[in-house]
$ cat model.pdb   # PDB, C-alpha atoms
ATOM      1  CA  MET A   1       0.000   0.000   0.000
ATOM      2  CA  LEU A   2       2.800   2.356   0.935
ATOM      3  CA  ALA A   3       4.691   1.355  -2.197
ATOM      4  CA  THR A   4       1.646   2.028  -4.366
ATOM      5  CA  GLY A   5       1.310   5.487  -2.883
ATOM      6  CA  LEU A   6       5.001   6.137  -3.443
ATOM      7  CA  TYR A   7       4.738   5.041  -7.064
ATOM      8  CA  ALA A   8       1.724   7.273  -7.671
ATOM      9  CA  PHE A   9       3.497  10.185  -5.984
ATOM     10  CA  LEU A  10       6.653   9.784  -8.083
ATOM     11  CA  ALA A  11       4.649   9.441 -11.289
ATOM     12  CA  ALA A  12       2.621  12.552 -10.443
ATOM     13  CA  VAL A  13       5.771  14.566  -9.661
ATOM     14  CA  THR A  14       7.432  13.465 -12.901
ATOM     15  CA  VAL A  15       4.485  14.161 -15.192
ATOM     16  CA  GLY A  16       3.433  17.344 -13.369
ATOM     17  CA  PHE A  17       6.835  18.966 -13.638
ATOM     18  CA  ALA A  18       7.121  17.807 -17.262
ATOM     19  CA  VAL A  19       3.883  19.624 -18.066
ATOM     20  CA  ALA A  20       5.284  22.669 -16.272
ATOM     21  CA  VAL A  21       8.388  22.506 -18.486
ATOM     22  CA  VAL A  22       6.274  22.767 -21.620
ATOM     23  CA  LYS A  23       3.736  25.244 -20.244
ATOM     24  CA  SER A  24       5.694  27.749 -18.179
ATOM     25  CA  ARG A  25       6.133  31.167 -19.683
ATOM     26  CA  GLU A  26       9.631  31.901 -18.474
ATOM     27  CA  ILE A  27      12.770  30.010 -19.441
ATOM     28  CA  PHE A  28      14.028  29.905 -15.858
ATOM     29  CA  ARG A  29      10.800  28.377 -14.635
ATOM     30  CA  ALA A  30      10.848  25.807 -17.425
ATOM     31  CA  THR A  31      14.407  24.820 -16.569
ATOM     32  CA  PHE A  32      13.711  24.543 -12.856
ATOM     33  CA  ALA A  33      10.668  22.418 -13.664
ATOM     34  CA  LEU A  34      13.062  20.148 -15.558
ATOM     35  CA  LEU A  35      14.901  19.756 -12.234
ATOM     36  CA  GLY A  36      11.701  18.407 -10.669
ATOM     37  CA  THR A  37      11.159  15.973 -13.517
ATOM     38  CA  LEU A  38      14.745  14.726 -13.323
ATOM     39  CA  CYS A  39      14.427  14.105  -9.587
ATOM     40  CA  GLY A  40      11.104  12.340 -10.135
ATOM     41  CA  VAL A  41      12.646  10.110 -12.792
ATOM     42  CA  ALA A  42      15.563   9.356 -10.450
ATOM     43  CA  GLY A  43      13.050   8.343  -7.783
ATOM     44  CA  LEU A  44      11.235   6.104 -10.245
ATOM     45  CA  LEU A  45      14.506   4.483 -11.323
ATOM     46  CA  ALA A  46      15.337   3.753  -7.684
ATOM     47  CA  PHE A  47      11.797   2.472  -7.192
ATOM     48  CA  TYR A  48      12.277  -0.005 -10.037
ATOM     49  CA  GLY A  49      15.427  -1.206  -8.276
ATOM     50  CA  ALA A  50      18.058   0.463 -10.469
ATOM     51  CA  THR A  51      19.745   2.355  -7.634
ATOM     52  CA  THR A  52      23.010   2.761  -9.518
ATOM     53  CA  ILE A  53      21.318   4.340 -12.508
ATOM     54  CA  ALA A  54      19.281   6.566 -10.182
ATOM     55  CA  ALA A  55      22.440   7.810  -8.463
ATOM     56  CA  LEU A  56      24.097   8.466 -11.818
ATOM     57  CA  GLN A  57      20.952  10.239 -13.002
ATOM     58  CA  VAL A  58      21.214  12.622 -10.050
ATOM     59  CA  LEU A  59      24.962  13.089 -10.531
ATOM     60  CA  ILE A  60      24.948  13.646 -14.284
ATOM     61  CA  TYR A  61      21.578  15.233 -14.975
ATOM     62  CA  VAL A  62      20.932  17.233 -11.810
ATOM     63  CA  GLY A  63      24.595  17.946 -11.159
ATOM     64  CA  ALA A  64      25.922  18.642 -14.629
ATOM     65  CA  VAL A  65      23.283  18.943 -17.347
ATOM     66  CA  PHE A  66      21.010  21.207 -15.308
ATOM     67  CA  VAL A  67      23.876  23.540 -14.460
ATOM     68  CA  LEU A  68      24.835  23.617 -18.145
ATOM     69  CA  PHE A  69      21.296  24.695 -19.002
ATOM     70  CA  LEU A  70      21.408  27.483 -16.412
ATOM     71  CA  PHE A  71      24.764  28.560 -17.798
ATOM     72  CA  ALA A  72      23.405  28.674 -21.352
ATOM     73  CA  ILE A  73      20.388  30.714 -20.238
ATOM     74  CA  LEU A  74      22.582  33.213 -18.418
ATOM     75  CA  VAL A  75      24.817  33.574 -21.461
ATOM     76  CA  THR A  76      22.087  33.899 -24.067
ATOM     77  CA  ASP A  77      18.870  35.074 -22.468
ATOM     78  CA  ARG A  78      17.468  38.511 -23.071
ATOM     79  CA  PRO A  79      14.483  39.674 -21.015
ATOM     80  CA  ALA A  80      12.384  40.117 -24.147
ATOM     81  CA  GLU A  81      12.833  36.440 -24.995
ATOM     82  CA  ARG A  82      11.572  35.078 -21.718
ATOM     83  CA  LEU A  83       7.961  35.141 -22.751
ATOM     84  CA  PHE A  84       6.175  32.130 -24.139
ATOM     85  CA  ARG A  85       6.211  32.097 -27.904
ATOM     86  CA  THR A  86       4.875  29.302 -30.026
ATOM     87  CA  GLY A  87       6.918  27.508 -32.618
ATOM     88  CA  VAL A  88       6.482  26.146 -36.104
ATOM     89  CA  LEU A  89       3.222  24.286 -35.528
ATOM     90  CA  PRO A  90       0.182  25.865 -33.929
ATOM     91  CA  PRO A  91      -0.071  24.595 -30.339
ATOM     92  CA  ALA A  92      -3.434  22.914 -30.885
ATOM     93  CA  LEU A  93      -2.076  20.868 -33.785
ATOM     94  CA  ALA A  94       1.087  19.976 -31.865
ATOM     95  CA  LEU A  95      -0.923  18.921 -28.815
ATOM     96  CA  PHE A  96      -3.205  16.853 -31.034
ATOM     97  CA  ALA A  97      -0.213  15.111 -32.639
ATOM     98  CA  SER A  98       1.422  14.409 -29.265
ATOM     99  CA  ALA A  99      -1.770  13.145 -27.679
ATOM    100  CA  GLY A 100      -2.361  10.938 -30.703
ATOM    101  CA  LEU A 101       1.106   9.427 -30.404
ATOM    102  CA  ALA A 102       0.562   8.869 -26.670
ATOM    103  CA  ALA A 103      -2.722   7.099 -27.350
ATOM    104  CA  LEU A 104      -1.052   4.976 -30.033
ATOM    105  CA  LEU A 105       1.825   4.018 -27.722
ATOM    106  CA  ILE A 106      -0.520   3.127 -24.869
ATOM    107  CA  ALA A 107      -2.703   1.128 -27.263
ATOM    108  CA  ILE A 108       0.306  -0.906 -28.406
ATOM    109  CA  VAL A 109       1.334  -1.726 -24.845
ATOM    110  CA  PRO A 110      -0.826  -4.816 -24.143
ATOM    111  CA  GLY A 111       1.581  -6.724 -26.382
ATOM    112  CA  MET A 112       4.189  -5.996 -23.718
ATOM    113  CA  ALA A 113       2.288  -7.528 -20.826
ATOM    114  CA  GLY A 114       4.351  -8.488 -17.819
ATOM    115  CA  LYS A 115       5.075  -7.652 -14.225
ATOM    116  CA  VAL A 116       7.801  -5.345 -13.018
ATOM    117  CA  PRO A 117       8.951  -5.724  -9.444
ATOM    118  CA  GLY A 118       9.105  -2.367  -7.714
ATOM    119  CA  GLY A 119       9.695  -0.876  -4.300
ATOM    120  CA  ARG A 120      12.505  -3.092  -3.115
ATOM    121  CA  ILE A 121      16.174  -2.312  -3.249
ATOM    122  CA  PRO A 122      18.365  -5.188  -4.400
ATOM    123  CA  ALA A 123      21.627  -5.867  -2.623
ATOM    124  CA  LEU A 124      24.881  -5.230  -4.490
ATOM    125  CA  ALA A 125      23.124  -3.252  -7.169
ATOM    126  CA  GLY A 126      26.314  -1.602  -8.330
ATOM    127  CA  GLY A 127      28.457  -4.705  -8.579
ATOM    128  CA  VAL A 128      26.473  -6.387 -11.326
ATOM    129  CA  ILE A 129      26.468  -3.435 -13.673
ATOM    130  CA  GLY A 130      30.096  -2.629 -12.906
ATOM    131  CA  ARG A 131      31.110  -6.158 -13.840
ATOM    132  CA  ALA A 132      29.016  -5.924 -17.016
ATOM    133  CA  PHE A 133      30.841  -2.755 -18.017
ATOM    134  CA  LEU A 134      34.224  -4.397 -17.546
ATOM    135  CA  GLN A 135      33.269  -7.537 -19.433
ATOM    136  CA  GLN A 136      30.534  -7.619 -22.053
ATOM    137  CA  TYR A 137      30.251  -3.847 -22.576
ATOM    138  CA  LEU A 138      33.927  -2.994 -22.276
ATOM    139  CA  LEU A 139      34.356  -1.772 -25.856
ATOM    140  CA  THR A 140      31.174   0.320 -25.758
ATOM    141  CA  PHE A 141      32.242   1.781 -22.436
ATOM    142  CA  GLU A 142      35.615   2.848 -23.822
ATOM    143  CA  VAL A 143      34.054   4.270 -26.995
ATOM    144  CA  ILE A 144      31.591   6.298 -24.917
ATOM    145  CA  GLY A 145      34.450   7.621 -22.814
ATOM    146  CA  VAL A 146      36.384   8.766 -25.875
ATOM    147  CA  LEU A 147      33.193  10.244 -27.348
ATOM    148  CA  LEU A 148      32.540  12.238 -24.158
ATOM    149  CA  LEU A 149      36.089  13.564 -24.265
ATOM    150  CA  ILE A 150      35.728  14.590 -27.910
ATOM    151  CA  GLY A 151      32.359  16.175 -27.120
ATOM    152  CA  LEU A 152      33.782  18.251 -24.281
ATOM    153  CA  ILE A 153      36.724  19.421 -26.389
ATOM    154  CA  ALA A 154      34.314  20.286 -29.213
ATOM    155  CA  ALA A 155      32.067  22.240 -26.829
ATOM    156  CA  VAL A 156      35.025  24.255 -25.555
ATOM    157  CA  LEU A 157      36.198  24.924 -29.118
ATOM    158  CA  ILE A 158      32.736  26.055 -30.217
ATOM    159  CA  ILE A 159      32.121  28.322 -27.247
ATOM    160  CA  ARG A 160      35.604  29.853 -27.176
ATOM    161  CA  LYS A 161      35.709  33.399 -28.407
ATOM    162  CA  GLU A 162      37.508  33.822 -31.668
ATOM    163  CA  ILE A 163      40.945  35.289 -31.242
ATOM    164  CA  ARG A 164      41.271  38.399 -33.316
ATOM    165  CA  ARG A 165      44.568  39.082 -34.931
TER     166      ARG A 165
ATOM    167  CA  MET B   1       5.022  -4.601  -4.675
ATOM    168  CA  ILE B   2       4.518  -5.558  -8.301
ATOM    169  CA  VAL B   3       3.997  -2.819 -10.865
ATOM    170  CA  ASN B   4       2.067  -3.642 -13.970
ATOM    171  CA  ALA B   5       4.164  -3.222 -17.104
ATOM    172  CA  TYR B   6       1.181  -1.469 -18.626
ATOM    173  CA  SER B   7       1.357   1.401 -16.134
ATOM    174  CA  VAL B   8       5.118   1.658 -16.595
ATOM    175  CA  GLU B   9       4.698   1.975 -20.334
ATOM    176  CA  ALA B  10       1.818   4.419 -20.023
ATOM    177  CA  LEU B  11       3.859   6.661 -17.722
ATOM    178  CA  ALA B  12       6.832   6.631 -20.077
ATOM    179  CA  ALA B  13       4.588   7.265 -23.092
ATOM    180  CA  ALA B  14       3.018  10.245 -21.331
ATOM    181  CA  LEU B  15       6.414  11.711 -20.463
ATOM    182  CA  PHE B  16       7.706  11.125 -24.002
ATOM    183  CA  CYS B  17       4.724  12.812 -25.608
ATOM    184  CA  ILE B  18       4.883  15.793 -23.237
ATOM    185  CA  GLY B  19       8.480  16.206 -24.393
ATOM    186  CA  LEU B  20       7.399  15.868 -28.018
ATOM    187  CA  ALA B  21       4.750  18.553 -27.518
ATOM    188  CA  GLY B  22       7.439  20.795 -26.039
ATOM    189  CA  VAL B  23       9.682  20.283 -29.061
ATOM    190  CA  LEU B  24       6.798  21.116 -31.393
ATOM    191  CA  ILE B  25       5.333  24.048 -29.463
ATOM    192  CA  ARG B  26       8.204  25.963 -27.935
ATOM    193  CA  ARG B  27      10.254  28.369 -29.937
ATOM    194  CA  ASN B  28      13.237  29.023 -27.711
ATOM    195  CA  LEU B  29      16.002  26.552 -28.545
ATOM    196  CA  ILE B  30      16.939  26.060 -24.872
ATOM    197  CA  VAL B  31      13.430  24.911 -24.011
ATOM    198  CA  VAL B  32      13.456  22.638 -27.072
ATOM    199  CA  PHE B  33      16.628  21.068 -25.661
ATOM    200  CA  VAL B  34      14.981  20.660 -22.266
ATOM    201  CA  SER B  35      12.037  18.908 -23.948
ATOM    202  CA  VAL B  36      14.408  16.524 -25.728
ATOM    203  CA  GLU B  37      15.827  15.649 -22.298
ATOM    204  CA  LEU B  38      12.288  14.773 -21.182
ATOM    205  CA  MET B  39      11.962  12.357 -24.112
ATOM    206  CA  LEU B  40      15.311  10.718 -23.320
ATOM    207  CA  ASN B  41      14.272  10.290 -19.693
ATOM    208  CA  ALA B  42      11.042   8.601 -20.748
ATOM    209  CA  VAL B  43      13.022   6.077 -22.785
ATOM    210  CA  ASN B  44      15.296   5.437 -19.804
ATOM    211  CA  LEU B  45      12.317   4.707 -17.579
ATOM    212  CA  ASN B  46      11.139   2.076 -20.049
ATOM    213  CA  LEU B  47      14.591   0.541 -20.434
ATOM    214  CA  VAL B  48      15.189   0.195 -16.704
ATOM    215  CA  ALA B  49      11.705  -0.982 -15.767
ATOM    216  CA  LEU B  50      11.056  -3.463 -18.561
ATOM    217  CA  THR B  51      14.457  -5.120 -18.237
ATOM    218  CA  ARG B  52      13.270  -6.186 -14.774
ATOM    219  CA  ARG B  53      10.185  -7.985 -16.020
ATOM    220  CA  ALA B  54       9.737 -11.267 -14.251
ATOM    221  CA  ASP B  55      10.203 -13.353 -17.389
ATOM    222  CA  LEU B  56      13.625 -11.912 -18.175
ATOM    223  CA  LEU B  57      16.583 -13.417 -16.376
ATOM    224  CA  VAL B  58      19.407 -10.905 -16.809
ATOM    225  CA  PRO B  59      18.397  -7.478 -15.528
ATOM    226  CA  VAL B  60      21.622  -5.754 -16.494
ATOM    227  CA  GLU B  61      21.196  -4.989 -20.169
ATOM    228  CA  GLY B  62      18.545  -2.308 -19.838
ATOM    229  CA  ASP B  63      20.598  -0.673 -17.093
ATOM    230  CA  ALA B  64      23.681  -0.615 -19.286
ATOM    231  CA  VAL B  65      21.828   0.900 -22.236
ATOM    232  CA  ALA B  66      20.148   3.428 -19.916
ATOM    233  CA  LEU B  67      23.546   4.502 -18.632
ATOM    234  CA  PHE B  68      24.799   4.913 -22.200
ATOM    235  CA  VAL B  69      21.737   7.038 -22.956
ATOM    236  CA  ILE B  70      22.482   9.260 -19.946
ATOM    237  CA  LEU B  71      26.115   9.687 -20.978
ATOM    238  CA  LEU B  72      25.257  10.437 -24.607
ATOM    239  CA  ALA B  73      22.631  12.938 -23.422
ATOM    240  CA  ALA B  74      25.291  14.704 -21.368
ATOM    241  CA  CYS B  75      27.559  14.781 -24.426
ATOM    242  CA  GLU B  76      24.716  16.058 -26.601
ATOM    243  CA  VAL B  77      23.847  18.819 -24.156
ATOM    244  CA  ALA B  78      27.466  19.969 -23.921
ATOM    245  CA  VAL B  79      27.879  20.198 -27.696
ATOM    246  CA  GLY B  80      24.332  21.452 -28.313
ATOM    247  CA  LEU B  81      24.556  24.284 -25.817
ATOM    248  CA  GLY B  82      27.965  25.158 -27.221
ATOM    249  CA  ILE B  83      26.427  25.458 -30.678
ATOM    250  CA  LEU B  84      23.593  27.470 -29.142
ATOM    251  CA  VAL B  85      25.988  29.973 -27.589
ATOM    252  CA  ALA B  86      27.816  30.259 -30.913
ATOM    253  CA  LEU B  87      24.487  30.861 -32.684
ATOM    254  CA  TYR B  88      23.613  33.541 -30.151
ATOM    255  CA  ARG B  89      26.914  35.274 -30.834
ATOM    256  CA  ARG B  90      26.231  35.207 -34.569
ATOM    257  CA  PHE B  91      22.513  35.981 -34.754
ATOM    258  CA  GLY B  92      21.829  37.620 -31.393
ATOM    259  CA  SER B  93      18.931  35.315 -30.623
ATOM    260  CA  VAL B  94      18.136  31.700 -29.809
ATOM    261  CA  ALA B  95      14.612  31.635 -31.220
ATOM    262  CA  ILE B  96      14.087  29.012 -33.895
ATOM    263  CA  GLU B  97      12.929  31.361 -36.641
ATOM    264  CA  ASP B  98      15.962  33.601 -36.197
ATOM    265  CA  VAL B  99      18.563  30.883 -36.661
ATOM    266  CA  GLY B 100      16.941  28.974 -39.514
ATOM    267  CA  ARG B 101      19.287  29.984 -42.267
ATOM    268  CA  LEU B 102      22.008  27.556 -43.304
ATOM    269  CA  LYS B 103      24.002  30.012 -45.415
ATOM    270  CA  GLU B 104      25.138  33.410 -44.222
TER     271      GLU B 104
END
$ encode --input "model.pdb" --output "structure tokens"
Amino acid sequence: MLATGLYAFLAAVTVGFAVAVVKSREIFRATFALLGTLCGVAGLLAFYGATTIAALQVLIYVGAVFVLFLFAILVTDRPAERLFRTGVLPPALALFASAGLAALLIAIVPGMAGKVPGGRIPALAGGVIGRAFLQQYLLTFEVIGVLLLIGLIAAVLIIRKEIRR
Amino acid sequence: MIVNAYSVEALAAALFCIGLAGVLIRRNLIVVFVSVELMLNAVNLNLVALTRRADLLVPVEGDAVALFVILLAACEVAVGLGILVALYRRFGSVAIEDVGRLKE
């Protein structure tokens, strides 16, 4: 019963803040709503038993990606741009398309019937995935590491101000 | 407690489609990026939850792929926001319609 309530709470937090991301009129509010969604997703991941992934979600998303977003807003934002402006599609059409896709996805789901254990924390959660990374996923792990390094160097190169002669 | 896979999928589908609506509706490139992060998170929820279904024996593969998704998302955000700052320097704006030109 407690676990059901926890699951409903985490789902409500995740979806509620996600709606706030799309709806809020100011960029800062949208970004801080993303923080709520990320924490909700981390809670859900831990609820499903993936404590390692949940911890990494908090470290990488909340710790790094969120701060990067704030940094980008501070560098680029002008007060006139903070207001809500709609994009290429009219909002009604975009909402209709998204809701249609959601309905389609949920309609497909019964083919994926099954039970997911939730609400219990497995022992040694980190050891299994750590061993997997050093054995079956070793090459992918190394490639991702090199890719991250290249990405960071590229980001620095792009952002760096051009040196005038 | 046992969670029905149906509710897991429905939750992830809802989150994914909210992100999709954000990408379609919003005009500021930063918020479009944030919405893409929502979509990636929805996929991660599915990966982690459905790899733990009772009829699957090895629960590590979804976790591994989810971790790769998180790392690639971090990489994407670093490069994407770098490009965004460069665009702002060039065009003075990060609204989609202002940065739509490929040449000059």
$ residues_around --input "model.pdb" --residues "region 39-44 of chain B" --least-positions-apart "6" --cutoff "6 Å" --atoms "only C-alpha atoms" --output "ChimeraX atom specification"
/B:12,15-16,19,66
$ write_last_selection --input "model.pdb" --atoms "C-alpha atoms" --output "compact mmCIF listing (two decimals), in the frame of the given file"
# COMPACT_ATOMS: atom_id res chain seq x y z
CA ALA B 12 6.83 6.63 -20.08
CA LEU B 15 6.41 11.71 -20.46
CA PHE B 16 7.71 11.12 -24.00
CA GLY B 19 8.48 16.21 -24.39
CA ALA B 66 20.15 3.43 -19.92
$ resolve_selection --input "model.pdb" --expression "the ChimeraX specification (/A :<6) & /B" --output "list of chain:residue names"
B:Met1, B:Ile2, B:Val3, B:Asn4, B:Ala5, B:Ala10, B:Ala13, B:Cys17, B:Ala21, B:Gly22, B:Leu24, B:Ile25, B:Arg26, B:Arg27, B:Ala49, B:Arg52, B:Arg53, B:Ala54, B:Cys75, B:Ala78, B:Val79, B:Gly82, B:Ala86
$ write_last_selection --input "model.pdb" --atoms "C-alpha atoms" --output "PDB file, keeping the file's coordinate frame"
ATOM      1  CA  MET B   1       5.022  -4.601  -4.675  1.00  0.00           C
ATOM      2  CA  ILE B   2       4.518  -5.558  -8.301  1.00  0.00           C
ATOM      3  CA  VAL B   3       3.997  -2.819 -10.865  1.00  0.00           C
ATOM      4  CA  ASN B   4       2.067  -3.642 -13.970  1.00  0.00           C
ATOM      5  CA  ALA B   5       4.164  -3.222 -17.104  1.00  0.00           C
ATOM      6  CA  ALA B  10       1.818   4.419 -20.023  1.00  0.00           C
ATOM      7  CA  ALA B  13       4.588   7.265 -23.092  1.00  0.00           C
ATOM      8  CA  CYS B  17       4.724  12.812 -25.608  1.00  0.00           C
ATOM      9  CA  ALA B  21       4.750  18.553 -27.518  1.00  0.00           C
ATOM     10  CA  GLY B  22       7.439  20.795 -26.039  1.00  0.00           C
ATOM     11  CA  LEU B  24       6.798  21.116 -31.393  1.00  0.00           C
ATOM     12  CA  ILE B  25       5.333  24.048 -29.463  1.00  0.00           C
ATOM     13  CA  ARG B  26       8.204  25.963 -27.935  1.00  0.00           C
ATOM     14  CA  ARG B  27      10.254  28.369 -29.937  1.00  0.00           C
ATOM     15  CA  ALA B  49      11.705  -0.982 -15.767  1.00  0.00           C
ATOM     16  CA  ARG B  52      13.270  -6.186 -14.774  1.00  0.00           C
ATOM     17  CA  ARG B  53      10.185  -7.985 -16.020  1.00  0.00           C
ATOM     18  CA  ALA B  54       9.737 -11.267 -14.251  1.00  0.00           C
ATOM     19  CA  CYS B  75      27.559  14.781 -24.426  1.00  0.00           C
ATOM     20  CA  ALA B  78      27.466  19.969 -23.921  1.00  0.00           C
ATOM     21  CA  VAL B  79      27.879  20.198 -27.696  1.00  0.00           C
ATOM     22  CA  GLY B  82      27.965  25.158 -27.221  1.00  0.00           C
ATOM     23  CA  ALA B  86      27.816  30.259 -30.913  1.00  0.00           C
TER      24      ALA B  86
END
$ closest_residue --input "model.pdb" --among "B:Val60, B:Ile70, B:Leu47, B:Val34" --to "Gly126 (chain A)" --atoms "all atoms listed in the file"
B:Val60
$ atom_distance --input "model.pdb" --atom1 "CA of Leu67 (chain B)" --atom2 "CA of Ser24 (chain A)"
29.3 Å
$ atom_distance --input "model.pdb" --atom1 "CA of Glu37 (chain B)" --atom2 "CA of Ile96 (chain B)"
17.8 Å
$ atom_distance --input "model.pdb" --atom1 "CA of Leu20 (chain B)" --atom2 "CA of Val143 (chain A)"
29.1 Å
$ closest_residue --input "model.pdb" --among "B:Val99, B:Leu11, B:Leu87, B:Ala73" --to "Phe33 (chain B)" --atoms "all atoms listed in the file"
B:Ala73
$ resolve_selection --input "model.pdb" --expression "the PyMOL selection byres ((chain B and resi 62) around 8)" --output "number ranges by chain"
B: 47-48, 50-51, 59-61, 63-66
$ build_atoms --input "model.pdb" --residues "region 28-36 of chain B" --atoms "all heavy atoms" --output "short mmCIF file (atom, residue, chain, number, x, y, z; two decimals), in the frame of the given file"
data_model
loop_
_atom_site.label_atom_id
_atom_site.label_comp_id
_atom_site.auth_asym_id
_atom_site.auth_seq_id
_atom_site.Cartn_x
_atom_site.Cartn_y
_atom_site.Cartn_z
N ASN B 28 11.88 28.77 -28.20
CA ASN B 28 13.24 29.02 -27.71
C ASN B 28 14.04 27.72 -27.75
O ASN B 28 13.59 26.67 -27.28
CB ASN B 28 13.16 29.55 -26.27
CG ASN B 28 14.50 29.98 -25.78
OD1 ASN B 28 15.44 29.20 -25.76
ND2 ASN B 28 14.61 31.23 -25.39
N LEU B 29 15.24 27.78 -28.34
CA LEU B 29 16.00 26.55 -28.54
C LEU B 29 16.38 25.87 -27.23
O LEU B 29 16.49 24.66 -27.17
CB LEU B 29 17.27 26.86 -29.35
CG LEU B 29 17.09 26.81 -30.87
CD1 LEU B 29 18.36 27.19 -31.55
CD2 LEU B 29 16.68 25.42 -31.29
N ILE B 30 16.58 26.67 -26.16
CA ILE B 30 16.94 26.06 -24.87
C ILE B 30 15.80 25.19 -24.38
O ILE B 30 16.00 24.07 -23.90
CB ILE B 30 17.29 27.16 -23.84
CG1 ILE B 30 18.55 27.89 -24.29
CG2 ILE B 30 17.49 26.57 -22.48
CD1 ILE B 30 18.94 29.02 -23.38
N VAL B 31 14.57 25.69 -24.49
CA VAL B 31 13.43 24.91 -24.01
C VAL B 31 13.22 23.69 -24.90
O VAL B 31 12.80 22.63 -24.43
CB VAL B 31 12.17 25.79 -23.93
CG1 VAL B 31 11.04 25.04 -23.29
CG2 VAL B 31 12.47 27.03 -23.14
N VAL B 32 13.53 23.81 -26.20
CA VAL B 32 13.46 22.64 -27.07
C VAL B 32 14.44 21.57 -26.59
O VAL B 32 14.11 20.38 -26.51
CB VAL B 32 13.75 23.05 -28.53
CG1 VAL B 32 13.89 21.83 -29.41
CG2 VAL B 32 12.65 23.94 -29.05
N PHE B 33 15.64 22.00 -26.22
CA PHE B 33 16.63 21.07 -25.66
C PHE B 33 16.10 20.39 -24.40
O PHE B 33 16.22 19.18 -24.22
CB PHE B 33 17.91 21.83 -25.31
CG PHE B 33 19.00 21.61 -26.30
CD1 PHE B 33 19.41 22.63 -27.11
CD2 PHE B 33 19.61 20.38 -26.41
CE1 PHE B 33 20.40 22.45 -28.03
CE2 PHE B 33 20.60 20.19 -27.32
CZ PHE B 33 20.99 21.21 -28.14
N VAL B 34 15.52 21.21 -23.51
CA VAL B 34 14.98 20.66 -22.27
C VAL B 34 13.91 19.60 -22.57
O VAL B 34 13.86 18.54 -21.94
CB VAL B 34 14.41 21.80 -21.39
CG1 VAL B 34 13.62 21.26 -20.24
CG2 VAL B 34 15.53 22.68 -20.88
N SER B 35 13.09 19.87 -23.60
CA SER B 35 12.04 18.91 -23.95
C SER B 35 12.63 17.62 -24.49
O SER B 35 12.12 16.52 -24.24
CB SER B 35 11.09 19.53 -24.96
OG SER B 35 10.52 20.70 -24.44
N VAL B 36 13.74 17.73 -25.24
CA VAL B 36 14.41 16.52 -25.73
C VAL B 36 14.91 15.69 -24.55
O VAL B 36 14.83 14.45 -24.55
CB VAL B 36 15.56 16.91 -26.68
CG1 VAL B 36 16.42 15.71 -26.99
CG2 VAL B 36 15.01 17.50 -27.95
#
